[in-house]
>>> print(open('data_13.csv').read())   # CSV, C-alpha atoms
chain,number,residue,atom,x,y,z
A,212,MET,CA,0.0,0.0,0.0
A,213,ARG,CA,2.8,2.4,0.9
A,214,LYS,CA,4.5,1.8,-2.6
A,215,ILE,CA,1.1,2.5,-4.3
A,216,ALA,CA,0.7,5.7,-2.3
A,217,ILE,CA,4.2,6.9,-3.2
A,218,PHE,CA,3.6,6.0,-6.9
A,219,LEU,CA,0.4,8.0,-6.9
A,220,LEU,CA,2.1,11.0,-5.2
A,221,VAL,CA,4.8,11.0,-7.8
A,222,LEU,CA,2.2,10.8,-10.6
A,223,ILE,CA,0.3,13.8,-9.1
A,224,ILE,CA,3.5,15.8,-8.8
A,225,CYS,CA,4.6,15.0,-12.4
A,226,SER,CA,1.1,15.8,-13.7
A,227,ASP,CA,1.1,19.1,-11.9
A,228,CYS,CA,4.6,19.9,-13.4
A,229,SER,CA,3.3,19.0,-16.8
A,230,CYS,CA,0.3,21.3,-16.5
A,231,GLN,CA,2.5,24.1,-15.3
A,232,ARG,CA,4.8,23.6,-18.2
A,233,THR,CA,2.0,23.5,-20.8
A,234,SER,CA,0.5,26.7,-19.4
A,235,ASP,CA,3.9,28.5,-19.2
A,236,PRO,CA,3.8,31.5,-21.7
A,237,ARG,CA,7.4,30.8,-22.7
A,238,TYR,CA,6.5,27.2,-23.6
A,239,LEU,CA,3.4,28.2,-25.4
A,240,LEU,CA,5.3,30.9,-27.4
A,241,SER,CA,7.9,28.3,-28.4
A,242,LYS,CA,5.3,25.8,-29.4
A,243,GLY,CA,3.3,28.4,-31.4
A,244,VAL,CA,6.4,29.6,-33.3
A,245,SER,CA,7.5,26.0,-34.0
A,246,LEU,CA,4.1,25.1,-35.4
A,247,TYR,CA,4.2,28.1,-37.7
A,248,GLU,CA,7.7,27.2,-39.0
A,249,LYS,CA,6.6,23.6,-39.6
A,250,ALA,CA,3.5,24.9,-41.5
A,251,GLU,CA,5.7,27.2,-43.7
A,252,ASP,CA,8.0,24.3,-44.5
A,253,SER,CA,5.1,21.9,-45.3
A,254,GLN,CA,3.1,21.4,-48.5
A,255,LYS,CA,0.1,23.6,-49.0
A,256,GLY,CA,-3.2,22.0,-48.1
A,257,ALA,CA,-5.1,20.7,-45.1
A,258,ALA,CA,-2.1,19.8,-43.0
A,259,ARG,CA,-0.6,23.3,-43.3
A,260,ALA,CA,-3.9,24.9,-42.6
A,261,GLN,CA,-4.4,22.8,-39.4
A,262,MET,CA,-0.9,23.6,-38.2
A,263,LEU,CA,-1.4,27.4,-38.7
A,264,GLU,CA,-4.8,27.2,-36.9
A,265,GLU,CA,-3.1,25.4,-34.0
A,266,SER,CA,-0.3,27.9,-34.0
A,267,GLU,CA,-2.8,30.8,-33.9
A,268,ASN,CA,-4.8,29.3,-31.0
A,269,THR,CA,-1.6,28.6,-29.0
A,270,LEU,CA,-0.2,32.1,-29.5
A,271,LYS,CA,-3.5,33.8,-28.7
A,272,GLN,CA,-3.2,32.1,-25.2
A,273,VAL,CA,0.2,33.8,-24.7
A,274,VAL,CA,-1.1,37.2,-25.8
A,275,GLU,CA,-4.1,36.9,-23.5
A,276,LYS,CA,-1.8,36.1,-20.6
A,277,SER,CA,0.8,38.8,-21.6
A,278,PRO,CA,-0.9,41.4,-23.8
A,279,GLY,CA,2.1,43.7,-23.7
A,280,ASP,CA,4.6,41.1,-24.7
A,281,GLU,CA,6.2,42.3,-28.0
A,282,ALA,CA,7.6,38.9,-29.1
A,283,SER,CA,4.2,37.2,-28.7
A,284,CYS,CA,2.3,39.8,-30.5
A,285,LEU,CA,4.7,39.8,-33.4
A,286,ALA,CA,4.6,36.0,-33.6
A,287,LEU,CA,0.8,36.0,-33.6
A,288,ALA,CA,0.6,38.8,-36.2
A,289,ARG,CA,2.9,36.7,-38.5
A,290,VAL,CA,0.6,33.7,-38.2
A,291,LEU,CA,-2.5,35.8,-38.8
A,292,LEU,CA,-1.0,37.1,-42.0
A,293,ALA,CA,-0.3,33.5,-43.1
A,294,ARG,CA,-4.0,32.7,-42.5
A,295,GLY,CA,-5.1,35.7,-44.5
A,296,LYS,CA,-6.4,37.6,-41.4
A,297,ILE,CA,-4.8,40.9,-42.6
A,298,LEU,CA,-6.8,43.4,-40.5
A,299,GLU,CA,-6.3,41.4,-37.3
A,300,ALA,CA,-2.6,41.3,-38.0
A,301,GLU,CA,-2.5,45.1,-38.7
A,302,LYS,CA,-4.1,45.8,-35.3
A,303,LEU,CA,-1.4,43.7,-33.6
A,304,TYR,CA,1.4,45.4,-35.4
A,305,ARG,CA,0.0,48.8,-34.5
A,306,LYS,CA,-0.3,47.7,-30.9
A,307,VAL,CA,3.4,46.6,-30.9
A,308,TYR,CA,4.4,50.0,-32.4
A,309,GLU,CA,2.5,51.9,-29.7
A,310,ILE,CA,4.3,49.8,-27.1
A,311,ASN,CA,7.7,50.1,-28.8
A,312,PRO,CA,8.1,52.8,-31.5
A,313,GLY,CA,11.6,51.3,-32.0
A,314,SER,CA,10.3,48.0,-33.3
A,315,ALA,CA,11.6,47.6,-36.8
A,316,LEU,CA,9.6,44.4,-37.2
A,317,ALA,CA,6.3,46.2,-36.4
A,318,CYS,CA,7.2,48.8,-39.0
A,319,LEU,CA,8.1,46.1,-41.6
A,320,GLY,CA,4.8,44.2,-40.9
A,321,LEU,CA,2.7,47.4,-41.3
A,322,GLY,CA,4.6,48.1,-44.6
A,323,GLY,CA,3.8,44.7,-45.9
A,324,ILE,CA,0.1,44.9,-44.9
A,325,LEU,CA,-0.5,48.3,-46.4
A,326,GLN,CA,1.3,47.2,-49.6
A,327,ASN,CA,-1.2,44.3,-49.9
A,328,LEU,CA,-4.0,46.8,-49.2
A,329,GLN,CA,-2.7,48.9,-52.1
A,330,LYS,CA,-2.0,51.8,-49.8
A,331,ARG,CA,1.4,52.4,-51.4
A,332,ASP,CA,2.4,55.8,-49.9
A,333,GLU,CA,1.7,54.6,-46.4
A,334,ALA,CA,3.6,51.3,-47.1
A,335,VAL,CA,6.6,53.3,-48.3
A,336,SER,CA,6.5,55.4,-45.1
A,337,TRP,CA,6.5,52.3,-42.9
A,338,TYR,CA,9.3,50.6,-44.8
A,339,GLU,CA,11.4,53.8,-44.5
A,340,ARG,CA,10.7,53.9,-40.8
A,341,ALA,CA,11.9,50.3,-40.5
A,342,LEU,CA,15.1,51.2,-42.3
A,343,LYS,CA,15.7,54.2,-40.0
A,344,ILE,CA,15.6,51.8,-37.1
A,345,ASP,CA,17.5,49.0,-38.7
A,346,PRO,CA,19.4,50.1,-41.9
A,347,ARG,CA,20.3,46.5,-42.6
A,348,MET,CA,16.7,45.2,-42.8
A,349,VAL,CA,16.7,43.3,-46.1
A,350,ASP,CA,13.0,42.7,-46.2
A,351,ALA,CA,12.3,46.5,-46.0
A,352,TYR,CA,14.5,47.1,-49.1
A,353,CYS,CA,12.7,44.3,-50.9
A,354,GLY,CA,9.3,45.8,-50.0
A,355,LEU,CA,10.4,49.1,-51.4
A,356,GLY,CA,11.7,47.3,-54.5
A,357,ASP,CA,8.3,45.5,-54.9
A,358,LEU,CA,6.4,48.8,-54.7
A,359,ALA,CA,8.7,50.4,-57.3
A,360,PHE,CA,8.4,47.3,-59.5
A,361,ASP,CA,4.6,47.3,-59.3
A,362,THR,CA,4.6,50.9,-60.7
A,363,MET,CA,7.1,50.0,-63.4
A,364,GLN,CA,9.9,52.1,-61.8
A,365,TYR,CA,12.3,49.5,-62.8
A,366,GLU,CA,15.6,51.3,-62.1
A,367,ARG,CA,14.4,52.3,-58.6
A,368,ALA,CA,13.3,48.7,-58.0
A,369,ILE,CA,16.7,47.4,-59.2
A,370,GLY,CA,18.4,49.8,-56.8
A,371,PHE,CA,16.4,48.6,-53.8
A,372,TYR,CA,16.9,44.9,-54.6
A,373,ARG,CA,20.7,45.4,-55.1
A,374,GLN,CA,20.9,47.3,-51.8
A,375,ALA,CA,19.3,44.2,-50.1
A,376,LEU,CA,21.8,41.9,-51.9
A,377,LEU,CA,24.8,44.0,-50.6
A,378,ILE,CA,23.6,43.1,-47.1
A,379,ASP,CA,22.7,39.5,-47.9
A,380,PRO,CA,23.9,38.1,-51.2
A,381,LYS,CA,21.6,35.1,-50.8
A,382,ALA,CA,18.4,37.1,-50.0
A,383,GLU,CA,15.6,35.2,-51.9
A,384,ASN,CA,13.1,38.0,-52.1
A,385,ALA,CA,15.8,40.3,-53.6
A,386,LEU,CA,17.0,37.8,-56.1
A,387,SER,CA,13.5,36.8,-57.2
A,388,GLY,CA,12.4,40.4,-57.4
A,389,LEU,CA,15.4,41.4,-59.4
A,390,GLY,CA,14.7,38.4,-61.7
A,391,ASP,CA,11.1,39.5,-62.2
A,392,VAL,CA,12.3,43.1,-63.1
A,393,TYR,CA,14.7,41.8,-65.7
A,394,VAL,CA,12.0,39.6,-67.2
A,395,ASP,CA,9.6,42.6,-67.5
A,396,LYS,CA,12.5,44.7,-69.0
A,397,GLY,CA,13.2,41.9,-71.5
A,398,ASP,CA,16.7,41.4,-70.2
A,399,LEU,CA,16.4,37.6,-70.1
A,400,ARG,CA,20.1,37.0,-69.7
A,401,GLN,CA,20.2,38.8,-66.3
A,402,ALA,CA,16.9,37.3,-65.3
A,403,GLU,CA,18.3,33.9,-65.9
A,404,GLU,CA,21.4,34.7,-63.8
A,405,CYS,CA,19.2,35.7,-60.9
A,406,PHE,CA,17.1,32.6,-60.9
A,407,ARG,CA,20.1,30.3,-61.4
A,408,THR,CA,21.8,32.0,-58.4
A,409,MET,CA,18.7,31.2,-56.3
A,410,LEU,CA,18.9,27.6,-57.4
A,411,LYS,CA,22.6,27.4,-56.6
A,412,ASN,CA,21.7,28.5,-53.1
A,413,LYS,CA,18.7,26.2,-52.8
A,414,PRO,CA,18.3,23.6,-55.6
A,415,SER,CA,14.7,22.8,-54.9
A,416,HIS,CA,13.4,26.4,-54.7
A,417,ASN,CA,10.0,26.4,-56.4
A,418,TYR,CA,9.9,30.1,-57.3
A,419,ALA,CA,13.3,29.9,-58.8
A,420,LEU,CA,12.4,26.8,-60.9
A,421,LEU,CA,9.2,28.6,-62.1
A,422,GLY,CA,11.1,31.8,-62.7
A,423,LEU,CA,13.8,30.1,-64.7
A,424,GLY,CA,11.2,28.1,-66.6
A,425,ASP,CA,9.5,31.3,-67.5
A,426,VAL,CA,12.7,32.8,-68.8
A,427,LEU,CA,13.6,29.7,-70.8
A,428,GLU,CA,10.0,29.6,-72.2
A,429,LYS,CA,10.3,33.3,-73.3
A,430,SER,CA,13.7,32.5,-74.9
A,431,GLY,CA,12.1,29.7,-77.0
A,432,ARG,CA,13.7,26.9,-75.0
A,433,THR,CA,10.4,25.2,-74.2
A,434,ASP,CA,11.7,21.7,-73.7
A,435,GLU,CA,14.1,22.9,-71.0
A,436,ALA,CA,11.3,25.1,-69.5
A,437,GLU,CA,9.0,22.1,-69.3
A,438,LYS,CA,11.6,20.0,-67.5
A,439,LEU,CA,12.0,22.8,-64.9
A,440,TYR,CA,8.2,23.1,-64.4
A,441,LEU,CA,7.8,19.3,-63.9
A,442,GLU,CA,10.8,19.3,-61.6
A,443,ALA,CA,9.0,21.8,-59.4
A,444,TYR,CA,5.8,19.7,-59.6
A,445,ASN,CA,7.7,16.5,-58.6
A,446,ASP,CA,9.2,18.3,-55.7
A,447,SER,CA,5.9,19.9,-54.6
A,448,PRO,CA,2.9,18.2,-56.2
A,449,GLY,CA,0.4,19.9,-53.9
A,450,ASP,CA,1.6,23.5,-54.5
A,451,ASP,CA,-1.1,25.6,-56.2
A,452,GLU,CA,1.4,28.1,-57.7
A,453,VAL,CA,3.4,25.3,-59.4
A,454,LEU,CA,0.2,23.6,-60.7
A,455,TYR,CA,-1.2,26.8,-62.1
A,456,ASN,CA,2.0,27.7,-63.8
A,457,ILE,CA,2.3,24.3,-65.4
A,458,ALA,CA,-1.4,24.6,-66.6
A,459,HIS,CA,-0.6,28.0,-68.2
A,460,PHE,CA,2.5,26.6,-69.8
A,461,TYR,CA,0.5,23.9,-71.6
A,462,LEU,CA,-2.3,26.4,-72.3
A,463,LYS,CA,0.1,28.6,-74.2
A,464,ARG,CA,1.4,25.6,-76.1
A,465,GLY,CA,-2.1,24.7,-77.2
A,466,LEU,CA,-1.9,21.4,-75.3
A,467,PHE,CA,-5.4,21.8,-73.8
A,468,ASP,CA,-5.8,18.3,-72.4
A,469,LYS,CA,-2.6,18.6,-70.4
A,470,ALA,CA,-3.5,22.1,-69.4
A,471,GLU,CA,-6.9,20.9,-68.0
A,472,GLU,CA,-5.2,18.0,-66.2
A,473,PHE,CA,-3.0,20.4,-64.1
A,474,LEU,CA,-5.7,23.1,-63.9
A,475,LEU,CA,-8.1,20.6,-62.2
A,476,LYS,CA,-5.4,19.6,-59.8
A,477,ALA,CA,-4.7,23.2,-59.0
A,478,ARG,CA,-8.4,24.0,-58.4
A,479,ALA,CA,-8.6,21.1,-56.1
A,480,VAL,CA,-5.9,22.7,-53.9
A,481,ASN,CA,-7.0,26.3,-54.3
A,482,PRO,CA,-10.2,27.1,-56.2
A,483,GLU,CA,-9.8,30.8,-55.4
A,484,TYR,CA,-6.6,31.3,-57.4
A,485,GLU,CA,-6.8,34.3,-59.7
A,486,TRP,CA,-7.4,33.4,-63.4
A,487,SER,CA,-8.5,29.8,-62.4
A,488,ASN,CA,-11.9,30.3,-64.0
A,489,GLY,CA,-10.4,32.4,-66.8
A,490,ALA,CA,-8.0,29.6,-67.7
A,491,MET,CA,-10.8,27.1,-67.7
A,492,ALA,CA,-12.8,29.5,-70.0
A,493,VAL,CA,-9.9,29.5,-72.5
A,494,ILE,CA,-10.0,25.7,-72.6
A,495,LEU,CA,-13.8,25.6,-73.0
A,496,ILE,CA,-13.6,28.2,-75.8
A,497,GLN,CA,-11.2,26.0,-77.7
A,498,ARG,CA,-13.7,23.2,-77.4
A,499,GLY,CA,-16.6,25.4,-78.7
A,500,LYS,CA,-18.4,25.4,-75.3
A,501,LEU,CA,-19.1,29.1,-75.3
A,502,GLU,CA,-21.9,29.1,-72.8
A,503,GLU,CA,-19.8,27.2,-70.2
A,504,ALA,CA,-16.9,29.5,-70.9
A,505,GLU,CA,-19.2,32.5,-70.3
A,506,LYS,CA,-20.2,31.1,-66.9
A,507,GLU,CA,-16.5,30.6,-65.9
A,508,LEU,CA,-15.6,34.2,-66.9
A,509,LYS,CA,-18.5,35.7,-64.9
A,510,LEU,CA,-17.2,33.7,-61.9
A,511,GLU,CA,-13.7,35.1,-62.5
A,512,ILE,CA,-15.0,38.7,-62.7
A,513,GLU,CA,-17.1,38.2,-59.6
A,514,LYS,CA,-14.1,37.0,-57.6
A,515,PHE,CA,-11.6,39.4,-59.3
A,516,PRO,CA,-13.5,42.5,-60.6
A,517,LYS,CA,-10.2,44.2,-61.8
A,518,ASN,CA,-9.2,41.3,-64.0
A,519,PHE,CA,-9.5,43.2,-67.3
A,520,GLU,CA,-8.4,40.1,-69.4
A,521,ALA,CA,-11.6,38.3,-68.2
A,522,HIS,CA,-13.7,41.3,-69.4
A,523,LEU,CA,-12.0,41.3,-72.8
A,524,LEU,CA,-12.5,37.6,-73.2
A,525,LEU,CA,-16.1,37.9,-72.3
A,526,ALA,CA,-16.5,40.7,-74.8
A,527,ARG,CA,-15.1,38.4,-77.5
A,528,ILE,CA,-17.8,35.8,-76.7
A,529,TYR,CA,-20.6,38.4,-76.8
A,530,ALA,CA,-19.2,39.9,-80.1
A,531,SER,CA,-19.2,36.4,-81.7
A,532,ARG,CA,-22.8,35.9,-80.7
A,533,GLY,CA,-23.8,39.3,-82.1
A,534,LEU,CA,-24.5,40.9,-78.7
A,535,ASP,CA,-22.8,44.1,-79.5
A,536,ASP,CA,-24.0,46.2,-76.6
A,537,GLU,CA,-22.9,43.6,-74.1
A,538,ALA,CA,-19.5,43.4,-75.8
A,539,LYS,CA,-19.0,47.2,-75.8
A,540,LYS,CA,-19.9,47.2,-72.1
A,541,GLN,CA,-17.2,44.7,-71.3
A,542,VAL,CA,-14.6,46.5,-73.5
A,543,PHE,CA,-15.4,49.8,-71.7
A,544,MET,CA,-14.9,48.1,-68.3
A,545,ALA,CA,-11.6,46.5,-69.5
A,546,LEU,CA,-10.2,49.8,-70.8
A,547,GLY,CA,-11.2,51.5,-67.5
A,548,ILE,CA,-9.2,48.9,-65.6
A,549,GLY,CA,-6.4,47.9,-67.9
A,550,GLY,CA,-5.7,51.2,-69.8
A,551,ASP,CA,-3.0,51.0,-72.4
A,552,GLU,CA,-2.4,47.3,-71.8
A,553,ALA,CA,-6.0,46.5,-72.6
A,554,ARG,CA,-5.9,48.7,-75.7
A,555,ASP,CA,-2.7,46.9,-76.9
A,556,ILE,CA,-4.5,43.6,-76.6
A,557,LEU,CA,-7.5,44.9,-78.5
A,558,LYS,CA,-5.2,46.1,-81.3
A,559,GLN,CA,-3.5,42.8,-81.6
A,560,HIS,CA,-6.7,40.8,-81.2
A,561,PRO,CA,-9.7,42.8,-82.5
A,562,LEU,CA,-13.2,41.5,-81.4
A,563,PRO,CA,-14.6,38.9,-83.8
A,564,GLY,CA,-17.7,39.6,-85.9
A,565,LYS,CA,-21.0,37.9,-85.4
A,566,GLY,CA,-20.6,34.2,-86.2
A,567,GLU,CA,-16.8,34.3,-86.3
A,568,PRO,CA,-14.8,32.0,-84.1
A,569,VAL,CA,-13.6,33.3,-80.7
A,570,SER,CA,-9.8,33.3,-80.4
A,571,SER,CA,-8.5,33.3,-76.9
A,572,PRO,CA,-4.8,34.1,-76.4
A,573,PRO,CA,-4.2,33.1,-72.8
A,574,ALA,CA,-3.1,35.8,-70.4
A,575,ASP,CA,0.3,35.5,-69.0
A,576,ARG,CA,-0.7,34.8,-65.4
A,577,LYS,CA,2.5,33.6,-63.8
A,578,LYS,CA,2.2,34.4,-60.1
A,579,ARG,CA,4.7,36.6,-58.4
A,580,ARG,CA,5.7,35.8,-54.9
A,581,GLY,CA,3.3,37.0,-52.3
A,582,ARG,CA,3.8,38.8,-49.0
>>> encode(input="data_13.csv", output="structure tokens")
Amino acid sequence: MRKIAIFLLVLIICSDCSCQRTSDPRYLLSKGVSLYEKAEDSQKGAARAQMLEESENTLKQVVEKSPGDEASCLALARVLLARGKILEAEKLYRKVYEINPGSALACLGLGGILQNLQKRDEAVSWYERALKIDPRMVDAYCGLGDLAFDTMQYERAIGFYRQALLIDPKAENALSGLGDVYVDKGDLRQAEECFRTMLKNKPSHNYALLGLGDVLEKSGRTDEAEKLYLEAYNDSPGDDEVLYNIAHFYLKRGLFDKAEEFLLKARAVNPEYEWSNGAMAVILIQRGKLEEAEKELKLEIEKFPKNFEAHLLLARIYASRGLDDEAKKQVFMALGIGGDEARDILKQHPLPGKGEPVSSPPADRKKRRGR
């Protein structure tokens, strides 16, 4: 009996220690951060989503216990961003900045959020604040580079990315941003160099494989490009960006069955990806299924109202059916959104006449890295 009593006492003490450990804010913070890092390293899908949810719930416990703890708030804000809860993350970053105006990470986080919300001037201001606090903050230079790139200020973007690379020659965001700039400028040799450097640093880097594949495709080296795309797929078969890029590669090659195969795989992972419905519409048009294509384009526009390519493609369908007023309405909307780019597409591909076949040059929808 005495042995049993001692055993039970030890069990109770151990149980009590375990409970204390699992409720310790330091333990919970470590656990929450670890779950986030595992989620970021994992394939996209249900497992990643579950880990991020568990990470959020764990870190919320820490913030509730220690609402003024900077590290906990920053960790939770990062997880909220990964889960698409942008406004909640913004509140936390602002809270950290109020507590500590010298937090470069809070400034960086607010810069990224405001950039995503298309508040460019405010984003620039926060990135610049981050750099005043920490002049070696690579991600702040990359954020400024991205903002310059988005407004086609290519030389400014190159300057920011190169400044980041002076600090960290292996900075992935800087190399990929620089590669994207050179692609847009038509300098495929320098773009190729950027993406190959990324692959030298990390041979299985999906964005580098896709970026280099895009460069080789534009250079007419389609067989080499296909090998890179499929290498990315074999490495990450559940990555929606990889799947969509492969689908568009085959779409532009006119290999519609292969394009549909990868597009369906991509939609199973992420049905909300931009141009998902538009790409399916292109395939349906090629098969003469205009009514089904029209439905897909309307869904695309409903989800992404500023997708002017979808408006132009819908206008082509209406024009082919003799619905001139509807076609003009879609063209007007496309021009209002896409401006000169939409005009250039119309010049190269005028609307068909009534009864004429609908041509559908697929939009170049390679996805750039997100923040």
>>> closest_residue(input="data_13.csv", among="A:Ser571, A:Gly564, A:Arg478, A:Arg340", to="Leu523 in chain A", atoms="only C-alpha atoms")
A:Ser571
>>> closest_residue(input="data_13.csv", among="A:Val394, A:Ala300, A:Leu386, A:Val542", to="Arg407 in chain A", atoms="only C-alpha atoms")
A:Leu386
>>> residues_around(input="data_13.csv", residues="Glu567 in chain A", least_positions_apart="5", cutoff="9 Å", atoms="all atoms listed in the file", output="PyMOL selection string")
chain A and resi 530-532
>>> residues_near_point(input="data_13.csv", point="(-9.5, 45.6, -62.6)", cutoff="8 Å", atoms="all atoms listed in the file", output="list in words")
Phe515, Pro516, Lys517, Asn518, Phe519, Ala545, Gly547, Ile548 and Gly549 of chain A
>>> write_last_selection(input="data_13.csv", atoms="C-alpha atoms", output="PDB file, in the frame of the given file")
ATOM      1  CA  PHE A 515     -11.600  39.400 -59.300  1.00  0.00           C
ATOM      2  CA  PRO A 516     -13.500  42.500 -60.600  1.00  0.00           C
ATOM      3  CA  LYS A 517     -10.200  44.200 -61.800  1.00  0.00           C
ATOM      4  CA  ASN A 518      -9.200  41.300 -64.000  1.00  0.00           C
ATOM      5  CA  PHE A 519      -9.500  43.200 -67.300  1.00  0.00           C
ATOM      6  CA  ALA A 545     -11.600  46.500 -69.500  1.00  0.00           C
ATOM      7  CA  GLY A 547     -11.200  51.500 -67.500  1.00  0.00           C
ATOM      8  CA  ILE A 548      -9.200  48.900 -65.600  1.00  0.00           C
ATOM      9  CA  GLY A 549      -6.400  47.900 -67.900  1.00  0.00           C
TER      10      GLY A 549
END
>>> residues_around(input="data_13.csv", residues="Leu291 in chain A", least_positions_apart="2", cutoff="10 Å", atoms="all atoms listed in the file", output="list in words")
Leu263, Glu264, Ser266, Glu267, Leu285, Ala286, Leu287, Ala288, Arg289, Ala293, Arg294, Gly295, Lys296, Ile297, Leu298, Glu299, Ala300, Glu301 and Leu303 of chain A
>>> atom_distance(input="data_13.csv", atom1="CA of Gly370 in chain A", atom2="CA of Leu420 in chain A")
24.1 Å
>>> decode(input="data_13.csv", residues="range 340-355 of chain A", atoms="N, CA and C atoms", output="PDB file, in the first residue's frame")
ATOM      1  N   ARG A 340      10.543  53.863 -42.214  1.00  0.00           N
ATOM      2  CA  ARG A 340      10.708  53.898 -40.756  1.00  0.00           C
ATOM      3  C   ARG A 340      11.500  52.691 -40.277  1.00  0.00           C
ATOM      4  N   ALA A 341      11.172  51.517 -40.861  1.00  0.00           N
ATOM      5  CA  ALA A 341      11.886  50.298 -40.480  1.00  0.00           C
ATOM      6  C   ALA A 341      13.375  50.441 -40.755  1.00  0.00           C
ATOM      7  N   LEU A 342      13.729  51.041 -41.888  1.00  0.00           N
ATOM      8  CA  LEU A 342      15.135  51.187 -42.258  1.00  0.00           C
ATOM      9  C   LEU A 342      15.851  52.246 -41.413  1.00  0.00           C
ATOM     10  N   LYS A 343      15.131  53.233 -40.936  1.00  0.00           N
ATOM     11  CA  LYS A 343      15.745  54.208 -40.024  1.00  0.00           C
ATOM     12  C   LYS A 343      16.131  53.529 -38.713  1.00  0.00           C
ATOM     13  N   ILE A 344      15.286  52.576 -38.294  1.00  0.00           N
ATOM     14  CA  ILE A 344      15.564  51.843 -37.052  1.00  0.00           C
ATOM     15  C   ILE A 344      16.648  50.801 -37.285  1.00  0.00           C
ATOM     16  N   ASP A 345      16.542  50.094 -38.400  1.00  0.00           N
ATOM     17  CA  ASP A 345      17.508  49.032 -38.734  1.00  0.00           C
ATOM     18  C   ASP A 345      17.908  49.170 -40.200  1.00  0.00           C
ATOM     19  N   PRO A 346      19.005  49.883 -40.484  1.00  0.00           N
ATOM     20  CA  PRO A 346      19.418  50.129 -41.884  1.00  0.00           C
ATOM     21  C   PRO A 346      19.803  48.861 -42.650  1.00  0.00           C
ATOM     22  N   ARG A 347      19.914  47.725 -41.963  1.00  0.00           N
ATOM     23  CA  ARG A 347      20.299  46.483 -42.626  1.00  0.00           C
ATOM     24  C   ARG A 347      19.105  45.530 -42.771  1.00  0.00           C
ATOM     25  N   MET A 348      17.892  46.069 -42.691  1.00  0.00           N
ATOM     26  CA  MET A 348      16.698  45.231 -42.793  1.00  0.00           C
ATOM     27  C   MET A 348      16.422  44.915 -44.267  1.00  0.00           C
ATOM     28  N   VAL A 349      16.835  43.739 -44.676  1.00  0.00           N
ATOM     29  CA  VAL A 349      16.741  43.313 -46.077  1.00  0.00           C
ATOM     30  C   VAL A 349      15.305  43.342 -46.586  1.00  0.00           C
ATOM     31  N   ASP A 350      14.361  42.828 -45.782  1.00  0.00           N
ATOM     32  CA  ASP A 350      12.969  42.733 -46.247  1.00  0.00           C
ATOM     33  C   ASP A 350      12.342  44.106 -46.494  1.00  0.00           C
ATOM     34  N   ALA A 351      12.805  45.124 -45.781  1.00  0.00           N
ATOM     35  CA  ALA A 351      12.276  46.472 -46.022  1.00  0.00           C
ATOM     36  C   ALA A 351      12.734  46.985 -47.387  1.00  0.00           C
ATOM     37  N   TYR A 352      14.007  46.738 -47.732  1.00  0.00           N
ATOM     38  CA  TYR A 352      14.485  47.107 -49.070  1.00  0.00           C
ATOM     39  C   TYR A 352      13.709  46.348 -50.148  1.00  0.00           C
ATOM     40  N   CYS A 353      13.436  45.072 -49.883  1.00  0.00           N
ATOM     41  CA  CYS A 353      12.680  44.276 -50.860  1.00  0.00           C
ATOM     42  C   CYS A 353      11.261  44.804 -51.013  1.00  0.00           C
ATOM     43  N   GLY A 354      10.650  45.220 -49.898  1.00  0.00           N
ATOM     44  CA  GLY A 354       9.308  45.796 -49.969  1.00  0.00           C
ATOM     45  C   GLY A 354       9.284  47.058 -50.811  1.00  0.00           C
ATOM     46  N   LEU A 355      10.279  47.925 -50.612  1.00  0.00           N
ATOM     47  CA  LEU A 355      10.369  49.144 -51.426  1.00  0.00           C
ATOM     48  C   LEU A 355      10.622  48.787 -52.890  1.00  0.00           C
TER      49      LEU A 355
END
